[in-house]
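S.K.: For reference, the file run.cif (mmCIF, C-alpha atoms and all ligand atoms) is included below:
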```cif
data_model
#
loop_
_atom_site.label_atom_id
_atom_site.label_comp_id
_atom_site.auth_asym_id
_atom_site.auth_seq_id
_atom_site.Cartn_x
_atom_site.Cartn_y
_atom_site.Cartn_z
CA MET B 1 85.37 52.55 87.42
CA ASP B 2 81.61 53.03 87.68
CA TYR B 3 81.52 56.55 89.05
CA GLU B 4 77.77 56.81 88.51
CA ARG B 5 77.23 54.24 91.25
CA LEU B 6 79.85 55.81 93.49
CA PHE B 7 77.77 58.95 93.65
CA GLN B 8 74.42 57.19 93.78
CA THR B 9 75.09 54.78 96.64
CA ARG B 10 75.62 57.14 99.53
CA PRO B 11 73.26 56.24 102.30
CA LEU B 12 71.85 59.22 104.22
CA LEU B 13 74.01 61.72 102.34
CA PRO B 14 71.97 64.11 100.15
CA LYS B 15 73.24 65.24 96.76
CA PHE B 16 76.21 67.62 96.98
CA GLY B 17 74.52 70.17 94.75
CA GLU B 18 71.56 70.25 97.12
CA ILE B 19 73.85 70.61 100.15
CA ALA B 20 75.60 73.50 98.39
CA LEU B 21 72.29 75.24 97.67
CA SER B 22 71.07 74.66 101.24
CA SER B 23 74.31 76.05 102.70
CA LEU B 24 74.04 79.08 100.44
CA ILE B 25 70.52 79.77 101.73
CA ILE B 26 71.65 79.33 105.35
CA ALA B 27 74.56 81.71 104.68
CA LEU B 28 72.13 84.23 103.16
CA ILE B 29 69.71 84.11 106.10
CA SER B 30 72.44 84.24 108.77
CA GLY B 31 74.16 87.04 106.81
CA ILE B 32 70.97 89.11 106.87
CA ALA B 33 70.70 88.53 110.64
CA LEU B 34 74.29 89.76 111.06
CA ILE B 35 73.73 93.10 109.29
CA PRO B 36 72.47 95.13 112.31
CA GLY B 37 75.42 93.96 114.41
CA PHE B 38 78.03 95.10 111.89
CA GLN B 39 78.22 98.60 113.33
CA SER B 40 81.33 100.05 111.80
CA PRO B 41 83.14 99.03 108.58
CA SER B 42 86.16 101.08 109.72
CA GLU B 43 86.46 98.89 112.82
CA PRO B 44 85.32 95.56 111.42
CA PHE B 45 87.10 93.37 113.95
CA ARG B 46 85.48 95.24 116.82
CA SER B 47 82.08 94.92 115.17
CA VAL B 48 82.46 91.17 114.64
CA SER B 49 83.83 90.69 118.18
CA GLN B 50 80.84 92.58 119.55
CA ILE B 51 78.46 90.33 117.63
CA VAL B 52 80.22 87.21 118.90
CA ASN B 53 80.39 88.46 122.49
CA SER B 54 76.81 89.71 122.57
CA GLY B 55 75.52 86.38 123.83
CA PHE B 56 74.54 82.96 122.57
CA PHE B 57 72.53 84.12 119.57
CA GLY B 58 75.25 86.45 118.26
CA HIS B 59 77.94 83.82 118.47
CA PHE B 60 75.59 81.18 117.02
CA ILE B 61 74.58 83.29 114.02
CA HIS B 62 78.17 84.33 113.30
CA SER B 63 79.38 80.71 113.48
CA CYS B 64 76.46 79.53 111.31
CA HIS B 65 77.38 82.14 108.68
CA SER B 66 81.01 81.13 108.75
CA TYR B 67 80.39 77.35 108.63
CA ALA B 68 77.67 77.73 105.99
CA GLY B 69 80.27 79.41 103.76
CA ASP B 70 82.74 76.59 104.37
CA LEU B 71 80.16 73.87 103.78
CA PHE B 72 79.01 75.65 100.63
CA LEU B 73 82.55 75.54 99.21
CA ILE B 74 83.12 71.91 100.23
CA ALA B 75 79.79 70.84 98.70
CA VAL B 76 80.53 72.81 95.51
CA PHE B 77 83.91 71.07 95.31
CA PHE B 78 82.39 67.57 95.54
CA HIS B 79 79.60 68.56 93.19
CA VAL B 80 82.20 69.64 90.62
CA LEU B 81 84.19 66.45 91.23
CA GLU B 82 81.04 64.46 90.59
CA TYR B 83 80.49 66.33 87.31
CA LEU B 84 84.05 65.58 86.26
CA LEU B 85 84.03 61.89 87.17
CA LYS B 86 80.65 61.32 85.53
CA LYS B 87 81.84 63.38 82.54
CA SER B 88 78.59 65.33 82.70
CA TYR B 89 80.29 68.25 80.93
CA LEU B 90 80.08 66.33 77.64
CA SER B 91 76.33 66.87 77.55
CA TYR B 92 76.67 70.65 77.85
CA HIS B 93 76.85 73.24 75.14
CA TRP B 94 80.06 75.18 75.70
CA LYS B 95 78.21 78.43 76.39
CA ALA B 96 76.03 76.81 79.09
CA TRP B 97 79.16 75.22 80.55
CA LEU B 98 80.89 78.62 80.71
CA TRP B 99 78.10 79.84 83.00
CA LEU B 100 78.89 76.97 85.35
CA VAL B 101 82.61 77.78 85.31
CA GLY B 102 81.61 81.35 86.15
CA LEU B 103 79.41 80.11 89.02
CA MET B 104 82.31 78.04 90.37
CA SER B 105 84.65 81.07 90.41
CA VAL B 106 82.02 83.41 91.88
CA SER B 107 81.26 80.84 94.60
CA LEU B 108 84.86 81.03 95.74
CA PHE B 109 84.79 84.82 95.72
CA VAL B 110 81.54 85.17 97.60
CA VAL B 111 83.04 83.19 100.50
CA PHE B 112 86.49 84.77 100.28
CA SER B 113 85.07 88.31 100.24
CA GLY B 114 83.30 87.44 103.49
CA PHE B 115 86.64 86.46 105.00
CA LEU B 116 88.04 89.85 103.92
CA THR B 117 85.36 91.70 105.87
CA ILE B 118 86.39 90.31 109.29
CA GLY B 119 89.29 92.75 109.70
CA SER B 120 91.55 90.30 111.56
CA VAL B 121 95.28 90.29 110.78
CA GLU B 122 94.71 87.30 108.45
CA SER B 123 91.89 89.08 106.69
CA LEU B 124 93.77 92.41 106.32
CA ASP B 125 96.86 90.63 104.99
CA ALA B 126 94.72 88.63 102.56
CA SER B 127 93.28 91.93 101.26
CA SER B 128 96.79 93.29 100.71
CA ILE B 129 97.85 90.11 98.93
CA LEU B 130 94.81 90.17 96.65
CA LYS B 131 95.39 93.85 95.89
CA ASN B 132 99.05 93.31 95.05
CA ILE B 133 98.32 90.26 92.89
CA LEU B 134 95.84 92.41 90.93
CA PHE B 135 98.44 95.19 90.68
CA ALA B 136 100.64 92.72 88.77
CA PHE B 137 98.14 93.05 85.86
CA GLY B 138 98.96 96.70 85.20
CA SER B 139 96.32 99.39 85.00
CA VAL B 140 93.43 96.93 84.45
CA GLY B 141 94.42 95.10 87.63
CA LYS B 142 94.77 98.38 89.49
CA SER B 143 91.25 99.36 88.51
CA ALA B 144 89.97 95.94 89.60
CA ALA B 145 91.82 96.28 92.93
CA ASN B 146 90.33 99.73 93.50
CA PHE B 147 86.91 98.49 92.52
CA LEU B 148 87.05 95.65 95.06
CA LEU B 149 89.09 97.09 97.89
CA LEU B 150 89.22 100.86 97.61
CA SER B 151 88.15 101.63 101.17
CA SER B 152 90.92 99.39 102.57
CA GLU B 153 93.29 102.30 101.78
CA ARG B 154 91.50 104.11 104.59
CA GLY B 155 91.42 101.07 106.85
CA SER B 156 87.75 100.35 106.17
CA VAL B 157 86.18 97.18 104.76
CA LEU B 158 83.16 99.03 103.38
CA THR B 159 83.90 98.38 99.67
CA ILE B 160 84.50 94.64 100.01
CA LEU B 161 81.58 94.33 102.44
CA VAL B 162 79.25 95.81 99.84
CA HIS B 163 80.66 93.43 97.21
CA HIS B 164 80.30 90.47 99.58
CA ALA B 165 76.72 91.21 100.56
CA GLY B 166 75.75 92.74 97.22
CA THR B 167 77.71 92.08 94.03
CA PHE B 168 78.97 88.54 94.68
CA THR B 169 75.86 87.35 96.48
CA VAL B 170 73.57 88.63 93.73
CA LEU B 171 75.84 87.10 91.06
CA THR B 172 75.88 83.75 92.88
CA VAL B 173 72.12 83.73 93.26
CA ILE B 174 71.60 84.60 89.57
CA LEU B 175 74.07 81.97 88.36
CA VAL B 176 72.58 79.31 90.64
CA TYR B 177 69.18 80.14 89.18
CA VAL B 178 70.55 79.96 85.63
CA HIS B 179 72.02 76.54 86.51
CA LEU B 180 69.01 75.02 88.31
CA LYS B 181 66.03 77.12 87.19
CA ARG B 182 64.94 77.10 90.84
CA PHE B 183 66.21 78.32 94.17
CA LYS B 184 64.38 75.93 96.48
CA PRO B 185 66.58 73.14 97.82
CA ASP B 186 65.56 69.61 98.59
CA VAL B 187 64.00 69.70 102.10
CA TYR B 188 66.02 66.71 103.34
CA ALA B 189 69.29 68.31 102.16
CA PHE B 190 68.33 71.59 103.79
CA TYR B 191 67.71 69.99 107.19
CA TYR B 192 70.87 67.94 106.79
CA ALA B 193 72.97 71.10 106.21
CA PHE B 194 71.08 73.07 108.86
CA ILE B 195 71.60 70.46 111.60
CA LEU B 196 75.25 69.93 110.68
CA ILE B 197 75.97 73.68 110.69
CA SER B 198 74.01 74.31 113.90
CA LEU B 199 75.76 71.50 115.76
CA LEU B 200 79.15 72.79 114.65
CA ALA B 201 78.21 76.36 115.57
CA VAL B 202 77.19 75.32 119.08
CA ALA B 203 80.10 72.95 119.68
CA ILE B 204 83.00 74.84 118.09
CA PRO B 205 82.57 78.63 117.77
CA ALA B 206 84.06 79.89 114.51
CA LYS B 207 87.42 81.57 115.04
CA LEU B 208 87.78 85.31 114.47
CA GLY B 209 91.53 85.30 113.86
CA ILE B 210 94.31 87.50 115.23
CA MET B 211 93.41 90.96 116.53
CA PRO B 212 94.58 93.74 114.16
CA GLY B 213 97.74 95.56 115.22
CA ALA B 214 99.22 92.44 116.87
CA ASN B 215 102.83 91.55 116.08
CA ALA B 216 101.76 88.30 114.36
CA GLU B 217 104.66 85.91 113.75
CA VAL B 218 102.76 83.69 111.34
CA VAL B 219 99.61 84.45 109.39
CA LYS B 220 97.68 81.75 107.58
CA GLY B 221 94.92 82.54 105.12
CA PRO B 222 91.60 80.68 104.76
CA TRP B 223 91.93 76.90 104.20
CA TYR B 224 90.95 77.06 100.51
CA PHE B 225 93.76 79.55 99.73
CA ARG B 226 96.53 78.01 101.85
CA GLY B 227 97.93 76.22 98.81
CA LEU B 228 98.07 79.53 96.95
CA GLN B 229 99.76 81.18 99.95
CA GLU B 230 102.40 78.44 99.99
CA MET B 231 102.95 78.76 96.22
CA LEU B 232 103.38 82.53 96.56
CA SER B 233 106.21 81.96 99.04
CA TRP B 234 108.41 80.39 96.35
CA MET B 235 106.90 81.11 92.94
CA PRO B 236 106.73 84.42 91.04
CA VAL B 237 103.45 86.24 91.70
CA ARG B 238 102.42 86.19 88.05
CA ILE B 239 102.69 82.41 87.90
CA ALA B 240 101.19 81.45 91.27
CA GLY B 241 98.62 84.24 91.46
CA ALA B 242 97.63 84.61 87.83
CA ALA B 243 98.89 82.00 85.34
CA LEU B 244 98.02 78.89 87.39
CA PRO B 245 94.50 79.95 88.42
CA GLY B 246 93.93 81.15 84.84
CA PHE B 247 95.17 77.79 83.54
CA VAL B 248 92.75 75.88 85.78
CA ILE B 249 89.80 78.01 84.66
CA LEU B 250 90.85 77.54 81.04
CA ILE B 251 90.99 73.74 81.42
CA PHE B 252 87.52 73.76 82.98
CA ALA B 253 86.18 75.98 80.22
CA LEU B 254 87.64 73.75 77.48
CA LEU B 255 86.28 70.45 78.83
CA PRO B 256 83.11 70.23 76.70
CA VAL B 257 84.85 71.69 73.62
CA THR B 258 87.56 69.03 73.36
CA GLN B 259 85.24 66.06 73.01
CA LYS B 260 88.04 63.61 72.16
CA LYS B 261 90.90 64.99 74.25
CA HIS B 262 88.93 65.69 77.39
CA LEU B 263 90.66 62.88 79.31
CA ILE B 264 94.02 64.67 78.93
CA LEU B 265 92.46 67.79 80.42
CA LEU B 266 90.98 65.75 83.26
CA ARG B 267 94.41 64.31 84.03
CA ALA B 268 95.93 67.80 84.00
CA LEU B 269 93.23 68.92 86.45
CA PHE B 270 93.91 65.96 88.70
CA PHE B 271 97.64 66.73 88.64
CA VAL B 272 97.09 70.43 89.49
CA PHE B 273 94.69 69.47 92.28
CA SER B 274 97.15 66.95 93.84
CA PHE B 275 99.87 69.59 93.73
CA TYR B 276 97.58 72.18 95.32
CA LEU B 277 96.56 69.75 98.04
CA ALA B 278 100.22 69.03 98.86
CA GLU B 279 100.93 72.78 99.06
CA THR B 280 97.87 73.24 101.31
CA LEU B 281 99.08 70.53 103.68
CA ILE B 282 102.58 72.05 103.85
CA ALA B 283 101.16 75.51 104.59
CA THR B 284 98.76 74.18 107.21
CA PHE B 285 100.96 71.75 109.11
CA LEU B 286 104.58 72.57 108.38
CA ARG B 287 104.75 76.37 108.42
CA GLY B 288 105.54 78.06 111.71
CA GLU B 289 106.82 81.43 112.93
CA GLY B 290 108.08 83.69 110.16
CA TRP B 291 106.61 81.20 107.66
CA GLN B 292 109.61 78.93 108.30
CA LEU B 293 109.33 75.17 107.88
CA THR B 294 109.01 73.59 111.30
CA GLY B 295 110.33 70.18 112.29
CA PHE B 296 113.26 70.42 109.87
CA MET H 297 70.47 89.05 52.14
CA ASN H 298 67.59 86.82 53.19
CA GLY H 299 65.64 87.19 56.46
CA LYS H 300 67.74 84.63 58.36
CA GLU H 301 71.06 86.17 57.29
CA TYR H 302 69.77 89.60 58.19
CA LYS H 303 68.78 88.40 61.68
CA GLN H 304 72.18 86.77 62.18
CA SER H 305 74.18 89.82 61.12
CA ARG H 306 71.99 92.03 63.30
CA ARG H 307 72.63 89.72 66.25
CA SER H 308 76.42 89.79 65.77
CA ALA H 309 76.34 93.59 65.41
CA LEU H 310 74.41 93.79 68.68
CA LYS H 311 76.95 91.50 70.35
CA ILE H 312 79.82 93.75 69.26
CA ILE H 313 78.00 96.84 70.52
CA THR H 314 77.20 95.14 73.85
CA GLY H 315 80.85 94.08 74.22
CA PHE H 316 81.95 97.64 73.51
CA ILE H 317 79.50 99.10 76.06
CA ILE H 318 80.62 96.60 78.74
CA GLY H 319 84.30 97.38 78.02
CA LEU H 320 83.65 101.12 78.21
CA PHE H 321 81.70 100.70 81.45
CA VAL H 322 84.52 98.69 83.07
CA TYR H 323 87.13 101.24 81.91
CA LEU H 324 85.13 104.22 83.16
CA THR H 325 84.42 102.49 86.48
CA GLY H 326 88.17 101.93 86.91
CA ARG H 327 88.90 105.60 86.22
CA PHE H 328 86.05 106.66 88.47
CA THR H 329 87.35 104.65 91.46
CA GLU H 330 90.81 106.24 91.11
CA ARG H 331 89.32 109.60 92.07
CA PHE H 332 88.54 108.26 95.52
CA LEU H 333 92.04 107.10 96.41
CA PRO H 334 93.06 108.72 99.69
CA GLU H 335 95.96 111.12 99.95
CA ARG H 336 99.15 110.18 101.78
CA ARG H 337 98.72 109.69 105.52
CA LYS H 338 100.49 111.97 107.98
CA LEU H 339 101.82 110.42 111.17
CA SER H 340 103.07 112.26 114.20
CA ILE H 341 105.00 110.44 116.93
CA PRO H 342 106.44 111.98 120.10
CA VAL H 343 110.27 111.82 119.89
CA SER H 344 110.57 111.30 123.64
CA GLY H 345 108.62 108.04 123.30
CA ILE H 346 111.10 106.51 120.84
CA ARG H 347 113.41 103.95 122.50
CA ARG H 348 116.82 102.79 121.32
CA GLY H 349 116.48 99.88 118.85
CA ILE H 350 113.39 98.99 116.86
CA ASN H 351 110.08 100.67 117.73
CA VAL H 352 107.03 98.97 116.24
CA THR H 353 103.97 101.05 115.40
CA ASP H 354 100.92 100.09 113.37
CA ALA H 355 102.30 101.25 110.01
CA ILE H 356 106.05 101.79 110.48
CA PHE H 357 109.20 100.64 112.24
CA ILE H 358 111.37 103.34 113.77
CA LEU H 359 114.97 102.28 114.17
CA LYS H 360 116.87 104.44 116.63
CA THR H 361 120.63 104.00 116.84
CA GLU H 362 123.20 106.07 118.74
CA ASN H 363 123.25 108.89 116.25
CA ALA H 364 120.44 108.34 113.79
CA VAL H 365 116.79 107.58 113.36
CA LYS H 366 115.47 105.58 110.42
CA VAL H 367 111.80 105.22 109.56
CA LEU H 368 110.89 102.04 107.70
CA SER H 369 107.64 100.82 106.22
CA ARG H 370 105.99 97.90 108.03
CA THR H 371 104.49 96.78 104.73
CA CYS H 372 106.20 93.84 103.06
CA PRO H 373 107.52 94.78 99.59
CA HIS H 374 106.42 91.37 98.28
CA LEU H 375 102.61 91.43 98.59
CA GLY H 376 101.92 93.93 101.33
CA CYS H 377 101.55 91.86 104.52
CA LYS H 378 102.26 93.55 107.83
CA LEU H 379 105.78 92.68 108.96
CA ALA H 380 106.66 91.50 112.46
CA TYR H 381 109.81 92.18 114.46
CA SER H 382 111.31 89.28 116.35
CA PRO H 383 113.33 90.75 119.26
CA GLN H 384 114.95 87.38 120.12
CA LYS H 385 116.26 86.85 116.57
CA ARG H 386 116.75 90.61 115.96
CA ILE H 387 115.16 90.27 112.59
CA ILE H 388 112.13 91.61 110.72
CA ARG H 389 110.06 88.80 109.24
CA CYS H 390 107.03 88.53 107.03
CA PRO H 391 104.40 86.22 108.55
CA CYS H 392 102.76 85.52 105.17
CA HIS H 393 105.51 84.10 102.96
CA GLY H 394 108.66 84.31 105.06
CA SER H 395 110.72 87.22 103.69
CA ARG H 396 113.38 88.36 106.16
CA PHE H 397 115.02 91.76 106.67
CA GLU H 398 117.69 93.20 108.92
CA PRO H 399 116.49 95.75 111.51
CA ASN H 400 117.79 98.51 109.20
CA GLY H 401 115.47 97.28 106.44
CA LYS H 402 118.04 95.45 104.31
CA TYR H 403 116.65 92.44 102.45
CA LEU H 404 118.00 89.10 103.66
CA SER H 405 115.94 86.31 102.09
CA GLY H 406 112.51 85.25 100.83
CA PRO H 407 110.28 86.25 97.93
CA ALA H 408 110.30 90.04 98.61
CA LYS H 409 113.73 90.53 96.93
CA LYS H 410 113.79 94.21 97.93
CA ASP H 411 114.82 96.30 100.93
CA LEU H 412 112.10 97.84 103.06
CA LYS H 413 110.91 101.25 101.94
CA SER H 414 112.25 104.04 104.12
CA PHE H 415 110.46 107.35 104.71
CA ASP H 416 111.76 110.89 105.12
CA TYR H 417 110.76 112.59 108.33
CA GLN H 418 110.88 115.95 110.07
CA ILE H 419 111.18 116.77 113.74
CA ASN H 420 108.99 119.64 114.89
CA SER H 421 108.68 120.44 118.59
CA ASP H 422 109.26 116.92 119.94
CA GLN H 423 107.15 115.35 117.16
CA LEU H 424 108.52 113.03 114.51
CA GLN H 425 106.42 113.80 111.45
CA ILE H 426 106.18 111.33 108.61
CA GLU H 427 104.13 111.17 105.45
CA ILE H 428 103.40 107.60 104.35
S1 LIG B 501 103.94 89.48 101.63
FE1 LIG B 501 105.79 89.35 102.70
S2 LIG B 501 106.84 87.73 101.83
FE2 LIG B 501 104.94 87.83 100.78
#
```
Spell out the structure here as structure tokens.

M.R.:
Amino acid sequence: MDYERLFQTRPLLPKFGEIALSSLIIALISGIALIPGFQSPSEPFRSVSQIVNSGFFGHFIHSCHSYAGDLFLIAVFFHVLEYLLKKSYLSYHWKAWLWLVGLMSVSLFVVFSGFLTIGSVESLDASSILKNILFAFGSVGKSAANFLLLSSERGSVLTILVHHAGTFTVLTVILVYVHLKRFKPDVYAFYYAFILISLLAVAIPAKLGIMPGANAEVVKGPWYFRGLQEMLSWMPVRIAGAALPGFVILIFALLPVTQKKHLILLRALFFVFSFYLAETLIATFLRGEGWQLTGF
Amino acid sequence: MNGKEYKQSRRSALKIITGFIIGLFVYLTGRFTERFLPERRKLSIPVSGIRRGINVTDAIFILKTENAVKVLSRTCPHLGCKLAYSPQKRIIRCPCHGSRFEPNGKYLSGPAKKDLKSFDYQINSDQLQIEI
């Protein structure tokens, strides 16, 4: 199939890479505007609720930040898909490609760390899950967990907030610059992302999640990690939380190295993705109270 | 050794040194963060406020039967989610991956594979004191 044309003939739709960059910039600007409202890292949910309930602007900025993160991930996903279908990785030196694999992973973390700062039941449980997955790696994992989430032991999101706004954001910006050698998006793509995000923010306010302390009967993580959540409910932690994600990163990293066998790797990626999508759909639509399958 | 070889060997030596410095930095950062881990939390709950059956607090379940009190962790032994008690089903369930426990903390099903952790407690002048 002529994938080149598939990605060239898209009337009105800007390039996915440009949408990703635009969303990142919108997330950065809205994130800066949110800083004064985030009054207390030890009561994050109250802080975020106060921002949202402070009036139209507060709710608008919070929703813009949240949707910009989502759109960033979606655009990165299609941008990566485009790279894979067009086999663009073949023209990369493996070291340059590794930077891109790094950017892909950091992109996921910059958005996920934002989710962890909300302090809702979903966000607090996601922090515990991340911490315990890291603990499965022994003392190195423990150090990593402390490094990322130390203040959560005291019920504060301060550590992950600093990593979200500082470490991961700076890393993302640097890696984007290494990738593009610029940080200015295409103007059309920027307005496209801006209007889409603004309309969504006005029409459907971003959800905050369940209030902490509630006796939540079912807790679902962010959409991009639902598949992982479902896998963790029936697979050993080391396989679902470590081996499989590690395997996917390894396949990505090896793509430009295995010039002749790259199609096998692509098929493996497609298989893993289909499986993950199926798990995501099960977690989203078929899991009910007590994480039991509903409708069965 | 000609000039090119010298440059190459110097570059690989520098790479090894950089790798070592990064490794040392990561290790020391890990050790450094450990110093800031909080001590165990002390909870104090008025005994008169504890009802018969399961009492749900933010961090623990208190199970009061006719002649005993049992204090159980509300943290799932699988990956740490906060457990919920379902009074209709008389069961403790994990909302994240579906582990199930009896009200006395015994493991029933799901990925947790362990009973709930129980805590020792002391009663001092109408206060149930627990260290978690
Ligand atoms: S955290 Fe409770 S079953 Fe996974």

S.K.: Select the residues contacting ligand LIG 501 (chain B) at a distance of at most 9 Å, based on only C-alpha atoms and all ligand atoms, then format the selection as a list in words.

M.R.: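 Every residue with an atom at most 9 Å from ligand LIG 501 (chain B) is listed here: Asp125, Ser128, Ile129, Gln229, Leu232, Ser233 and Trp291 of chain B; Thr371, Cys372, Pro373, His374, Leu375, Gly376, Cys377, Lys378, Leu379, Arg389, Cys390, Pro391, Cys392, His393, Gly394, Ser395, Arg396, Gly406, Pro407, Ala408 and Lys409 of chain H.
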
S.K.: Can you measure atom CA of Ile160 of chain B to atom CA of Val237 of chain B for me? One decimal in Å is fine.

M.R.: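 That distance, rounded to one decimal, is 22.3 Å.
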
S.K.: Which of these, B:Lys220, B:His179, B:Lys184, B:His65, has the shortest distance to Ala33 of chain B once you count only C-alpha atoms?

M.R.: B:His65

S.K.: Record the distance separating atom CA of Arg267 of chain B and atom CA of Lys86 of chain B, expressed in Å with one decimal.

M.R.: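 Atom CA of Arg267 of chain B sits 14.2 Å away from atom CA of Lys86 of chain B.
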
S.K.: Of the candidates B:Lys207, B:Arg154, B:Arg226, B:Arg238, which one gets nearest to chain H if we count only C-alpha atoms?

M.R.: B:Arg154

S.K.: For a quick test of understanding: name the residues of chain B lying within 10 Å of chain H when counting only C-alpha atoms, and present them as number ranges by chain.

M.R.: B: 121-122, 124-133, 135, 139-148, 150-154, 212-221, 229-237, 283, 287-293

S.K.: At what distance in Å, to one decimal, does atom CA of Phe397 of chain H lie from atom CA of Gly119 of chain B?

M.R.: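 Interatomic distance, atom CA of Gly119 of chain B to atom CA of Phe397 of chain H: 25.9 Å.
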
S.K.: Could you put an axis-aligned box around every listed atom of segment 72-87 of chain B, padded by 6 Å on each side, and send me its centre and edge lengths in Å to one decimal, as AutoDock Vina command-line options?

M.R.:
```
--center_x 81.6 --center_y 68.5 --center_z 91.6 --size_x 17.2 --size_y 26.3 --size_z 30.1
```

S.K.: Would you mind telling me which residue in B:Pro14, B:Ile195, B:Ile118, B:Leu175 lies nearest to Ala96 of chain B when using all atoms listed in the file?

M.R.: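 Ranked by minimum distance to Ala96 of chain B, first place goes to B:Leu175.
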